[in-house]
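Structure file start_20.txt with compact mmCIF, C-alpha atoms:
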```txt
# COMPACT_ATOMS: atom_id res chain seq x y z
CA MET C 1 48.00 -19.10 -7.42
CA TYR C 2 49.91 -17.32 -4.69
CA LYS C 3 53.36 -18.91 -4.28
CA GLY C 4 54.69 -17.04 -1.24
CA ARG C 5 54.20 -17.68 2.43
CA ARG C 6 50.55 -17.56 3.43
CA MET C 7 49.45 -15.79 6.60
CA THR C 8 47.19 -17.67 9.00
CA LYS C 9 44.03 -15.96 10.20
CA PHE C 10 41.47 -17.25 12.70
CA ILE C 11 37.74 -16.50 12.55
CA PHE C 12 35.44 -17.42 15.41
CA ASP C 13 31.71 -17.57 15.91
CA VAL C 14 30.77 -16.55 19.47
CA ASP C 15 27.62 -18.28 20.78
CA GLY C 16 28.33 -21.98 21.26
CA THR C 17 31.90 -21.53 20.04
CA LEU C 18 33.66 -19.14 22.42
CA THR C 19 30.87 -19.02 25.00
CA PRO C 20 27.80 -20.97 26.06
CA SER C 21 24.84 -19.77 24.01
CA ARG C 22 23.91 -16.28 25.28
CA GLY C 23 26.29 -16.90 28.21
CA GLN C 24 29.59 -15.42 29.32
CA ILE C 25 32.98 -16.80 28.40
CA ASP C 26 34.66 -19.16 30.87
CA LEU C 27 37.30 -17.18 32.79
CA GLY C 28 40.01 -19.81 32.35
CA PHE C 29 39.40 -19.99 28.61
CA LYS C 30 39.22 -16.19 28.43
CA ALA C 31 42.71 -15.78 29.93
CA TRP C 32 44.12 -18.36 27.50
CA PHE C 33 42.23 -16.93 24.52
CA ASN C 34 43.46 -13.39 25.25
CA ILE C 35 47.04 -14.60 24.91
CA PHE C 36 46.07 -16.43 21.72
CA CYS C 37 44.65 -13.18 20.32
CA MET C 38 47.87 -11.31 21.13
CA LYS C 39 49.88 -13.84 19.13
CA ASN C 40 47.52 -14.34 16.17
CA ASP C 41 45.23 -12.48 13.78
CA VAL C 42 41.79 -13.13 15.28
CA TYR C 43 38.40 -12.10 13.90
CA LEU C 44 34.86 -12.57 15.21
CA VAL C 45 31.73 -13.24 13.17
CA THR C 46 28.42 -13.52 15.01
CA GLY C 47 24.73 -12.94 14.49
CA SER C 48 24.58 -10.77 17.61
CA ASP C 49 25.23 -7.04 17.91
CA LYS C 50 28.30 -5.51 19.53
CA GLU C 51 26.65 -4.88 22.90
CA LYS C 52 25.76 -8.54 23.38
CA THR C 53 29.14 -9.74 22.20
CA VAL C 54 31.01 -7.46 24.60
CA GLU C 55 28.69 -8.63 27.37
CA GLN C 56 29.65 -12.22 26.59
CA ILE C 57 33.42 -12.02 26.09
CA GLY C 58 34.38 -8.73 27.77
CA GLU C 59 35.67 -5.50 26.26
CA ASP C 60 39.30 -6.51 26.72
CA THR C 61 38.93 -9.68 24.64
CA TYR C 62 36.77 -7.87 22.10
CA ASN C 63 39.43 -5.21 21.54
CA LEU C 64 42.15 -7.84 21.10
CA CYS C 65 40.35 -9.07 17.96
CA LYS C 66 41.31 -7.28 14.76
CA ILE C 67 37.77 -7.01 13.42
CA ALA C 68 34.36 -8.01 14.80
CA TYR C 69 31.75 -8.82 12.18
CA GLN C 70 28.48 -8.30 14.02
CA CYS C 71 25.01 -9.22 12.75
CA SER C 72 26.52 -11.82 10.37
CA GLY C 73 28.83 -9.20 8.86
CA ASN C 74 26.19 -6.54 8.34
CA GLU C 75 27.83 -4.37 10.98
CA VAL C 76 31.61 -4.18 11.21
CA TRP C 77 33.69 -2.94 14.16
CA ALA C 78 37.37 -2.47 14.90
CA GLY C 79 37.37 -2.03 18.65
CA ASP C 80 35.25 1.04 19.40
CA VAL C 81 35.24 2.22 15.78
CA GLN C 82 32.27 1.29 13.62
CA ILE C 83 33.42 0.67 10.06
CA SER C 84 30.09 -0.03 8.38
CA SER C 85 26.41 -0.75 9.02
CA ASN C 86 23.63 -2.16 6.82
CA LYS C 87 20.22 -0.45 7.20
CA TRP C 88 18.05 -3.21 5.63
CA ILE C 89 14.57 -3.75 7.11
CA LEU C 90 12.51 -6.96 6.94
CA PRO C 91 9.68 -6.67 4.35
CA GLU C 92 6.19 -6.48 5.83
CA ASN C 93 4.88 -9.63 4.10
CA ALA C 94 7.75 -11.68 5.55
CA HIS C 95 7.12 -10.17 9.00
CA GLU C 96 3.43 -11.10 8.78
CA TRP C 97 4.24 -14.68 7.73
CA LEU C 98 6.58 -15.15 10.67
CA SER C 99 3.96 -13.69 13.00
CA VAL C 100 1.55 -16.39 11.86
CA LYS C 101 4.20 -19.06 12.55
CA LEU C 102 4.65 -17.60 16.02
CA THR C 103 0.91 -17.91 16.66
CA GLU C 104 0.77 -21.45 15.28
CA SER C 105 3.68 -22.80 17.34
CA ASP C 106 2.72 -25.38 19.97
CA PHE C 107 5.37 -24.04 22.32
CA ASN C 108 3.40 -22.20 25.00
CA ILE C 109 6.02 -19.91 26.58
CA ARG C 110 6.20 -16.37 25.17
CA THR C 111 8.64 -13.89 26.69
CA GLY C 112 8.51 -11.03 24.20
CA LEU C 113 11.00 -9.57 21.71
CA HIS C 114 10.22 -12.24 19.14
CA PHE C 115 11.62 -10.00 16.39
CA GLU C 116 14.97 -8.43 17.21
CA HIS C 117 16.05 -5.98 14.53
CA ARG C 118 19.79 -5.75 13.97
CA SER C 119 21.95 -4.16 11.29
CA GLY C 120 21.08 -5.80 7.99
CA MET C 121 19.12 -8.67 9.55
CA ILE C 122 16.53 -9.73 12.09
CA ASN C 123 16.51 -12.54 14.62
CA PHE C 124 13.19 -14.36 14.98
CA SER C 125 12.50 -16.42 18.10
CA VAL C 126 9.37 -18.30 19.14
CA VAL C 127 10.23 -18.24 22.85
CA GLY C 128 11.48 -14.65 22.55
CA ARG C 129 14.80 -12.95 23.24
CA ASN C 130 13.66 -12.03 26.76
CA ALA C 131 13.69 -15.69 27.81
CA ASN C 132 15.76 -16.58 30.85
CA LYS C 133 18.15 -19.52 30.95
CA GLU C 134 15.51 -21.99 32.14
CA GLN C 135 12.98 -20.90 29.51
CA ARG C 136 15.60 -21.16 26.79
CA ALA C 137 16.52 -24.67 27.95
CA THR C 138 12.84 -25.66 27.85
CA TYR C 139 12.57 -24.46 24.27
CA VAL C 140 15.78 -26.26 23.25
CA THR C 141 14.31 -29.53 24.57
CA TYR C 142 10.99 -28.91 22.80
CA GLU C 143 12.54 -27.77 19.53
CA GLY C 144 14.94 -30.70 19.44
CA THR C 145 12.05 -33.16 19.12
CA ILE C 146 10.41 -31.52 16.10
CA SER C 147 13.10 -29.30 14.50
CA GLU C 148 10.72 -26.35 14.57
CA ARG C 149 13.32 -23.73 13.64
CA TYR C 150 14.72 -25.78 10.76
CA ASN C 151 11.21 -26.37 9.38
CA ILE C 152 10.28 -22.68 9.64
CA ALA C 153 13.54 -21.63 7.98
CA THR C 154 13.14 -24.16 5.17
CA GLU C 155 9.59 -23.05 4.38
CA PHE C 156 10.56 -19.38 4.66
CA ASN C 157 13.37 -19.81 2.12
CA ILE C 158 10.99 -21.38 -0.38
CA LEU C 159 8.37 -18.63 0.01
CA PHE C 160 10.84 -15.73 0.09
CA PRO C 161 13.68 -16.66 -2.32
CA SER C 162 15.29 -13.20 -2.18
CA LEU C 163 15.80 -13.62 1.57
CA GLN C 164 17.68 -16.24 3.56
CA ALA C 165 16.77 -17.78 6.93
CA THR C 166 19.33 -19.78 8.88
CA VAL C 167 19.25 -21.39 12.31
CA GLY C 168 21.40 -19.51 14.81
CA GLY C 169 22.18 -20.05 18.49
CA ASP C 170 19.82 -22.19 20.56
CA THR C 171 16.47 -20.49 20.01
CA GLY C 172 16.59 -18.12 17.04
CA ILE C 173 16.45 -17.87 13.27
CA ASP C 174 18.62 -15.27 11.52
CA ILE C 175 17.05 -13.64 8.46
CA ALA C 176 18.75 -11.34 5.95
CA PRO C 177 18.79 -10.66 2.21
CA ARG C 178 20.21 -13.67 0.38
CA GLY C 179 23.99 -13.45 0.29
CA PHE C 180 24.17 -11.13 3.31
CA ASP C 181 25.12 -14.01 5.59
CA LYS C 182 28.43 -14.73 7.31
CA SER C 183 30.06 -15.64 4.00
CA GLN C 184 30.03 -11.96 2.97
CA ILE C 185 32.98 -11.22 5.25
CA LEU C 186 35.39 -13.08 2.95
CA LYS C 187 35.50 -10.05 0.68
CA ASP C 188 37.80 -8.52 3.30
CA PHE C 189 40.28 -11.40 3.25
CA GLU C 190 43.05 -11.74 0.69
CA GLU C 191 43.79 -15.04 -0.99
CA THR C 192 47.30 -14.84 0.47
CA ALA C 193 45.86 -15.90 3.86
CA THR C 194 44.95 -19.35 5.12
CA ILE C 195 41.79 -19.07 7.20
CA HIS C 196 40.72 -21.30 10.07
CA PHE C 197 37.05 -20.81 10.92
CA TYR C 198 35.51 -22.23 14.11
CA GLY C 199 31.74 -22.48 14.55
CA ASP C 200 29.05 -24.66 16.07
CA ALA C 201 26.36 -24.33 13.36
CA MET C 202 27.89 -25.66 10.14
CA PHE C 203 25.05 -28.15 9.66
CA GLU C 204 22.46 -27.75 6.92
CA GLY C 205 20.45 -24.62 7.71
CA GLY C 206 22.94 -23.41 10.33
CA ASN C 207 24.18 -19.83 10.20
CA ASP C 208 27.86 -20.88 10.09
CA LYS C 209 27.37 -23.08 7.03
CA PRO C 210 27.44 -20.34 4.33
CA LEU C 211 30.88 -19.20 5.48
CA ALA C 212 32.15 -22.78 5.81
CA ASP C 213 30.87 -23.58 2.30
CA MET C 214 32.41 -20.46 0.77
CA LEU C 215 35.77 -21.18 2.41
CA ARG C 216 35.76 -24.62 0.85
CA LYS C 217 34.56 -23.37 -2.54
CA ARG C 218 37.27 -20.69 -2.76
CA GLN C 219 39.90 -22.95 -1.15
CA LEU C 220 40.80 -20.25 1.36
CA GLY C 221 41.25 -22.45 4.40
CA PHE C 222 39.57 -24.82 6.82
CA SER C 223 36.34 -24.96 8.80
CA HIS C 224 36.17 -26.59 12.22
CA GLN C 225 32.78 -27.72 13.53
CA VAL C 226 32.81 -27.53 17.33
CA ARG C 227 30.49 -28.87 20.04
CA GLY C 228 30.96 -25.95 22.42
CA TRP C 229 33.64 -23.62 23.81
CA GLU C 230 35.42 -26.53 25.51
CA ASP C 231 35.80 -28.25 22.14
CA THR C 232 37.08 -25.00 20.60
CA TRP C 233 39.71 -24.72 23.33
CA GLU C 234 40.85 -28.32 22.83
CA LYS C 235 41.15 -27.85 19.06
CA LEU C 236 43.16 -24.65 19.50
CA LYS C 237 45.50 -26.33 21.99
CA GLU C 238 46.25 -28.97 19.37
CA ILE C 239 47.61 -26.39 16.94
CA THR C 240 49.49 -24.31 19.51
```

Transcribe the structure of this file into structure tokens.
Amino acid sequence: MYKGRRMTKFIFDVDGTLTPSRGQIDLGFKAWFNIFCMKNDVYLVTGSDKEKTVEQIGEDTYNLCKIAYQCSGNEVWAGDVQISSNKWILPENAHEWLSVKLTESDFNIRTGLHFEHRSGMINFSVVGRNANKEQRATYVTYEGTISERYNIATEFNILFPSLQATVGGDTGIDIAPRGFDKSQILKDFEETATIHFYGDAMFEGGNDKPLADMLRKRQLGFSHQVRGWEDTWEKLKEIT
């Protein structure tokens, strides 16, 4: 076991952790968080691609983070430099099964872009990625009564054991080869660091849970379940 002084590193999910889901970061929190990034080693890990993340938090905040693990770690960026990218594509039989689930859903709003292909993963959404804020809120209310995404993800994981579906954000399901979830980023972190990970989806089936579980298993640090960006800010103030 490492006996010397351990560095502290901070890893943050984005949607629901630093920002409202698919929304932009609060300007007051952004100013505070930028200073936090200047004083600490900060990393991002999100299911979204770089373009969406920059849209949410701004290029200045993005570049203050040491590394951004996009698409659940399947695409890695250091500022404007792309370090790596996974070219995996969803198998056709899995795509067809999800298409049937889309047709069978009782939710009657369809906005398009139900399959969003990203590096090393896809995001599946019944309402569609083109949904506006009101349409997304309508789906959240509907989905909350029947746990549609959780049920689809659970059945998917049974039928396609080599793949892994996890609930991400407010309306989507992230799908990637098993093991290519957020936990894969830990290969880049030495055991000489104590990690603090903040995320809003550490529940069973959530896309932050694999990383939280791996942190605990390898005893590399601590996971902090948050209820939104305001909760993240309050928790960070407590340690600073």

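The closest residue to C:Glu96, picked from C:Val127, C:Thr141, C:Phe156, C:Gln225 and counting all atoms listed in the file, is C:Phe156.
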
Who sits within 12 Å of C:Phe203, all atoms listed in the file, same chain under 2 positions skipped, as a ChimeraX atom specification:
/C:150,166-168,199-201,205-213,223-227

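Atom pair atom CA of C:Ala78 / atom CA of C:Lys66 has a distance of 6.2 Å (rounded to one decimal).
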
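Nearest to C:Thr53 of all the residues C:Thr111, C:Gln24, C:Thr154, C:Thr194 is C:Gln24, based on only C-alpha atoms.
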
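Minimum atom-to-atom distances from C:Ile11, C:Met214, C:Met38, C:Val54 to C:Asp80 were compared using only C-alpha atoms, and the lowest value belongs to C:Val54.
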